[in-house]
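Data first, discussion second: the structure below is written as structure tokens.
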Amino acid sequence: MKKFVIGSLLALLIPVGYTLAQAVPSRQLVKPVTTPKPTTIKLRDNSTLTADKLIPQAKILARVNKKAVIKSIKLVHFGEHLATSKKVVGVESQNPEISSNRLVY
């Protein structure tokens with residue numbers, strides 16, 4: 001009698017479990033689509049400033065890694081720097097947080 005009851009229970013539970021397993025959708029790891037935040041320029045145009053109003057070259061050079069080899073240092077617009085680095089490295093880079101007219105060494 002025990003074998004009959006256990007067998008009957010198993011016969012009922014296996015198809016129910018199989019059906020439930022099929023009904024539950026699998027979780028997909030998909031990130032929700034979000035719209036990118038508009039980028040604001042954090043480092044604005046400072047091209048109206050003269051070189052004496054900017055950080056001195058000596059102070060900048062003091063913060064550079066001592067093992068670095070500096071080929072040249074000059075004051076240029078950030079847009080020019082990007083164009084030059086594209087020619088040297090071969091990869092176009094951008095930083096929308098920096099104005100292309102900002103003066104950089």
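For the structure tokens, the naming scheme is as follows: chains receive sequential letters (A, B, ...) according to their order of presentation, residues are indexed from 1 within each chain, and ligands are indexed from 1 in presentation order.
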Worksheet entry | Long-range neighbours of Tyr105 of chain A as a ChimeraX atom specification, 10 Å cut-off, only C-alpha atoms, 6 positions minimum in chain | /A:54-57,60,72-78,81
Item to complete: Please measure the separation of atom CA of Arg102 of chain A and atom CA of Leu49 of chain A, giving the value in Å to one decimal.
Response: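 Separation between atom CA of Arg102 of chain A and atom CA of Leu49 of chain A: 9.8 Å.
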Could you pull out the alpha helix (DSSP H) residues of segment 46-96 of chain A, going by DSSP on the backbone, and write them as a compact mmCIF listing (two decimals) with all heavy atoms, in the first residue's frame?
# COMPACT_ATOMS: atom_id res chain seq x y z
N GLN A 57 54.81 77.00 -16.24
CA GLN A 57 55.34 75.73 -16.75
C GLN A 57 56.15 75.00 -15.70
O GLN A 57 56.08 73.77 -15.59
CB GLN A 57 56.23 75.98 -17.97
CG GLN A 57 55.49 76.29 -19.22
CD GLN A 57 56.43 76.42 -20.41
OE1 GLN A 57 57.62 76.13 -20.31
NE2 GLN A 57 55.89 76.85 -21.53
N ALA A 58 56.92 75.70 -14.90
CA ALA A 58 57.77 75.07 -13.89
C ALA A 58 56.93 74.30 -12.87
O ALA A 58 57.31 73.20 -12.45
CB ALA A 58 58.60 76.14 -13.17
N LYS A 59 55.78 74.84 -12.52
CA LYS A 59 54.90 74.17 -11.56
C LYS A 59 54.31 72.90 -12.17
O LYS A 59 54.16 71.88 -11.50
CB LYS A 59 53.80 75.12 -11.11
CG LYS A 59 53.04 74.67 -9.91
CD LYS A 59 52.12 75.77 -9.39
CE LYS A 59 51.43 75.33 -8.13
NZ LYS A 59 50.56 76.37 -7.59
N ILE A 60 53.98 72.96 -13.46
CA ILE A 60 53.44 71.78 -14.14
C ILE A 60 54.51 70.71 -14.26
O ILE A 60 54.27 69.53 -13.98
CB ILE A 60 52.90 72.17 -15.54
CG1 ILE A 60 51.69 73.08 -15.38
CG2 ILE A 60 52.55 70.94 -16.36
CD1 ILE A 60 51.23 73.72 -16.66
N LEU A 61 55.72 71.11 -14.66
CA LEU A 61 56.82 70.15 -14.81
C LEU A 61 57.21 69.50 -13.49
O LEU A 61 57.66 68.36 -13.46
CB LEU A 61 58.03 70.83 -15.45
CG LEU A 61 57.84 71.23 -16.91
CD1 LEU A 61 59.02 72.05 -17.40
CD2 LEU A 61 57.65 70.00 -17.76
N ALA A 62 57.02 70.20 -12.38
CA ALA A 62 57.34 69.65 -11.07
C ALA A 62 56.40 68.49 -10.71
O ALA A 62 56.79 67.59 -9.95
CB ALA A 62 57.25 70.73 -10.00
N ARG A 63 55.21 68.46 -11.29
CA ARG A 63 54.24 67.40 -10.99
C ARG A 63 54.32 66.21 -11.95
O ARG A 63 53.66 65.20 -11.75
CB ARG A 63 52.83 67.97 -11.00
CG ARG A 63 52.67 69.05 -9.92
CD ARG A 63 51.29 69.39 -9.70
NE ARG A 63 50.62 68.26 -9.08
CZ ARG A 63 49.34 68.23 -8.77
NH1 ARG A 63 48.60 69.26 -9.01
NH2 ARG A 63 48.80 67.16 -8.22
N PHE A 78 43.18 73.23 -26.81
CA PHE A 78 42.91 71.80 -26.61
C PHE A 78 42.55 71.11 -27.93
O PHE A 78 42.95 69.98 -28.17
CB PHE A 78 41.80 71.59 -25.57
CG PHE A 78 41.60 70.17 -25.19
CD1 PHE A 78 42.57 69.48 -24.49
CD2 PHE A 78 40.44 69.49 -25.53
CE1 PHE A 78 42.40 68.15 -24.13
CE2 PHE A 78 40.25 68.17 -25.18
CZ PHE A 78 41.23 67.50 -24.47
N GLY A 79 41.84 71.79 -28.82
CA GLY A 79 41.50 71.24 -30.12
C GLY A 79 42.74 70.93 -30.95
O GLY A 79 42.82 69.90 -31.62
N GLU A 80 43.74 71.82 -30.89
CA GLU A 80 45.01 71.58 -31.59
C GLU A 80 45.73 70.38 -31.00
O GLU A 80 46.33 69.58 -31.72
CB GLU A 80 45.91 72.81 -31.49
CG GLU A 80 45.42 74.03 -32.23
CD GLU A 80 46.32 75.22 -31.95
OE1 GLU A 80 47.56 75.08 -32.02
OE2 GLU A 80 45.77 76.30 -31.66
N HIS A 81 45.69 70.29 -29.67
CA HIS A 81 46.34 69.15 -28.99
C HIS A 81 45.72 67.83 -29.46
O HIS A 81 46.43 66.87 -29.73
CB HIS A 81 46.20 69.31 -27.48
CG HIS A 81 46.50 68.06 -26.72
ND1 HIS A 81 47.77 67.52 -26.63
CD2 HIS A 81 45.68 67.22 -26.04
CE1 HIS A 81 47.71 66.40 -25.92
NE2 HIS A 81 46.46 66.20 -25.54
N LEU A 82 44.39 67.80 -29.57
CA LEU A 82 43.73 66.58 -30.01
C LEU A 82 44.12 66.23 -31.45
O LEU A 82 44.35 65.07 -31.78
CB LEU A 82 42.21 66.71 -29.89
CG LEU A 82 41.64 66.76 -28.49
CD1 LEU A 82 40.14 66.96 -28.53
CD2 LEU A 82 41.99 65.51 -27.71
N ALA A 83 44.20 67.23 -32.31
CA ALA A 83 44.58 66.99 -33.70
C ALA A 83 46.01 66.47 -33.78
O ALA A 83 46.31 65.54 -34.55
CB ALA A 83 44.43 68.27 -34.51
N THR A 84 46.92 67.03 -32.99
CA THR A 84 48.31 66.58 -32.98
C THR A 84 48.42 65.17 -32.45
O THR A 84 49.14 64.34 -33.01
CB THR A 84 49.17 67.53 -32.12
OG1 THR A 84 49.02 68.85 -32.60
CG2 THR A 84 50.62 67.13 -32.15
N SER A 85 47.70 64.87 -31.36
CA SER A 85 47.78 63.52 -30.79
C SER A 85 47.19 62.49 -31.74
O SER A 85 47.65 61.36 -31.78
CB SER A 85 47.09 63.46 -29.43
OG SER A 85 45.71 63.68 -29.55
N LYS A 86 46.21 62.89 -32.56
CA LYS A 86 45.65 61.96 -33.55
C LYS A 86 46.71 61.61 -34.59
O LYS A 86 46.84 60.47 -35.01
CB LYS A 86 44.42 62.55 -34.23
CG LYS A 86 43.80 61.61 -35.25
CD LYS A 86 42.63 62.21 -35.95
CE LYS A 86 42.10 61.24 -36.99
NZ LYS A 86 41.03 61.81 -37.78
N LYS A 87 47.49 62.61 -35.02
CA LYS A 87 48.56 62.36 -35.99
C LYS A 87 49.64 61.44 -35.41
O LYS A 87 50.15 60.56 -36.08
CB LYS A 87 49.19 63.67 -36.43
CG LYS A 87 48.30 64.53 -37.29
CD LYS A 87 48.98 65.84 -37.62
CE LYS A 87 48.03 66.79 -38.31
NZ LYS A 87 48.63 68.11 -38.51
N VAL A 88 49.97 61.65 -34.14
CA VAL A 88 51.05 60.88 -33.52
C VAL A 88 50.59 59.48 -33.16
O VAL A 88 51.24 58.49 -33.49
CB VAL A 88 51.57 61.61 -32.25
CG1 VAL A 88 52.56 60.76 -31.49
CG2 VAL A 88 52.19 62.93 -32.63
N VAL A 89 49.46 59.37 -32.49
CA VAL A 89 48.97 58.08 -31.99
C VAL A 89 48.17 57.34 -33.05
O VAL A 89 48.15 56.11 -33.08
CB VAL A 89 48.13 58.29 -30.70
CG1 VAL A 89 47.61 56.98 -30.16
CG2 VAL A 89 48.94 59.01 -29.65
Discussion item. Let me make sure I understand: among A:Thr39, A:Lys71, A:Asn65, A:Ala51, which one has the smallest atom-to-atom distance to Asn95 of chain A if we use only C-alpha atoms?
Written reply: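 Looking at the shortest contact to Asn95 of chain A, the residue is A:Thr39.
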